[in-house]
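First up is the structure itself, then whatever we jot down about it.
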Amino acid sequence: MKCGVGVCGSCDLSGKTCCRDGPVFSGEVALGLPEFGKQKRDATGRPERL
Ligand code: FES
């Protein structure tokens, strides 16, 4: 995480910020996120496919 307060967007996961909305999500919420398990963020915050 970069800013840790929901400003930079580097931890965005389908519209939820892991730093502000998480870091723990219920299984129901996580499975409803289209990015979950399909991509990750590189060191600059850009999404990469897994
Ligand atoms: S770390 Fe910047 S928005 Fe989460």
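Chain labels run A, B, ... following the order of the structure tokens; each chain numbers its residues from 1, and ligands are numbered from 1 in the order shown.
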Can you tell me, as a list in words, what residues are no more than 12 Å from A:Gly32 when counting only C-alpha atoms, ignoring any on the same chain fewer than 6 positions away?
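Once the nearby chain positions are removed, what remains is Leu13, Ser14, Gly15, Lys16, Phe25 and Ser26 of chain A.
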Note to self: Considering only helix (DSSP H, G or I) as DSSP defines it on the backbone, what residues of chain A qualify? List them as a VMD selection string.
What the structure shows: chain A and resid 18 to 21 27 to 31
Closest pair table for chain A residues within 8 Å of ligand 1, only C-alpha atoms and all ligand atoms, as a Markdown table:
```
| residue | atom | partner | partner_atom_place_in_ligand_line | distance |
| --- | --- | --- | --- | --- |
| A:Met1 | CA | ligand 1 | 1 (S) | 4.0 |
| A:Lys2 | CA | ligand 1 | 1 (S) | 4.3 |
| A:Cys3 | CA | ligand 1 | 2 (Fe) | 4.0 |
| A:Gly4 | CA | ligand 1 | 1 (S) | 3.9 |
| A:Val5 | CA | ligand 1 | 2 (Fe) | 5.7 |
| A:Gly6 | CA | ligand 1 | 3 (S) | 3.4 |
| A:Val7 | CA | ligand 1 | 3 (S) | 4.6 |
| A:Cys8 | CA | ligand 1 | 2 (Fe) | 4.0 |
| A:Gly9 | CA | ligand 1 | 3 (S) | 3.8 |
| A:Ser10 | CA | ligand 1 | 2 (Fe) | 5.1 |
| A:Cys11 | CA | ligand 1 | 4 (Fe) | 4.4 |
| A:Asp12 | CA | ligand 1 | 3 (S) | 6.4 |
| A:Thr17 | CA | ligand 1 | 4 (Fe) | 5.3 |
| A:Cys18 | CA | ligand 1 | 4 (Fe) | 5.8 |
| A:Cys19 | CA | ligand 1 | 4 (Fe) | 4.4 |
| A:Arg20 | CA | ligand 1 | 4 (Fe) | 6.4 |
```
Kindly export the residues of the current selection with N, CA and C atoms, as an mmCIF file, in the first residue's frame.
```
data_model
loop_
_atom_site.group_PDB
_atom_site.id
_atom_site.type_symbol
_atom_site.label_atom_id
_atom_site.label_comp_id
_atom_site.auth_asym_id
_atom_site.auth_seq_id
_atom_site.Cartn_x
_atom_site.Cartn_y
_atom_site.Cartn_z
ATOM 1 N N MET A 1 0.839 -1.182 0.000
ATOM 2 C CA MET A 1 0.000 0.000 0.000
ATOM 3 C C MET A 1 0.879 1.238 0.000
ATOM 4 N N LYS A 2 0.390 2.249 -0.684
ATOM 5 C CA LYS A 2 1.181 3.482 -0.773
ATOM 6 C C LYS A 2 0.704 4.503 0.248
ATOM 7 N N CYS A 3 -0.483 5.048 0.062
ATOM 8 C CA CYS A 3 -0.911 6.113 0.985
ATOM 9 C C CYS A 3 -1.542 5.549 2.261
ATOM 10 N N GLY A 4 -2.294 4.477 2.143
ATOM 11 C CA GLY A 4 -2.919 3.865 3.314
ATOM 12 C C GLY A 4 -4.160 4.576 3.819
ATOM 13 N N VAL A 5 -4.635 5.582 3.072
ATOM 14 C CA VAL A 5 -5.811 6.333 3.521
ATOM 15 C C VAL A 5 -6.878 6.477 2.436
ATOM 16 N N GLY A 6 -6.755 5.736 1.327
ATOM 17 C CA GLY A 6 -7.786 5.768 0.298
ATOM 18 C C GLY A 6 -7.649 6.875 -0.722
ATOM 19 N N VAL A 7 -6.473 7.464 -0.865
ATOM 20 C CA VAL A 7 -6.284 8.577 -1.793
ATOM 21 C C VAL A 7 -5.653 8.145 -3.121
ATOM 22 N N CYS A 8 -4.621 7.312 -3.098
ATOM 23 C CA CYS A 8 -3.837 7.034 -4.311
ATOM 24 C C CYS A 8 -4.490 6.006 -5.241
ATOM 25 N N GLY A 9 -5.277 5.100 -4.727
ATOM 26 C CA GLY A 9 -5.931 4.098 -5.563
ATOM 27 C C GLY A 9 -5.072 2.897 -5.886
ATOM 28 N N SER A 10 -3.859 2.827 -5.358
ATOM 29 C CA SER A 10 -2.970 1.706 -5.695
ATOM 30 C C SER A 10 -3.466 0.380 -5.142
ATOM 31 N N CYS A 11 -4.342 0.399 -4.176
ATOM 32 C CA CYS A 11 -4.842 -0.850 -3.600
ATOM 33 C C CYS A 11 -6.285 -1.106 -4.014
ATOM 34 N N ASP A 12 -6.734 -0.416 -5.078
ATOM 35 C CA ASP A 12 -8.110 -0.563 -5.532
ATOM 36 C C ASP A 12 -8.389 -1.994 -5.999
ATOM 37 N N THR A 17 -11.221 0.018 -1.829
ATOM 38 C CA THR A 17 -9.821 0.196 -1.478
ATOM 39 C C THR A 17 -9.512 -0.704 -0.298
ATOM 40 N N CYS A 18 -8.470 -1.495 -0.469
ATOM 41 C CA CYS A 18 -8.108 -2.438 0.601
ATOM 42 C C CYS A 18 -7.701 -1.705 1.871
ATOM 43 N N CYS A 19 -7.076 -0.532 1.737
ATOM 44 C CA CYS A 19 -6.622 0.179 2.932
ATOM 45 C C CYS A 19 -7.794 0.787 3.696
ATOM 46 N N ARG A 20 -8.790 1.265 3.014
ATOM 47 C CA ARG A 20 -9.897 1.945 3.683
ATOM 48 C C ARG A 20 -11.073 1.001 3.929
#
```
Q: Give me every strand (DSSP E or B) residue in chain A, going by DSSP on the backbone, as a VMD selection string.
A: chain A and resid 12 to 13 16 to 17 39 to 41 47 to 49
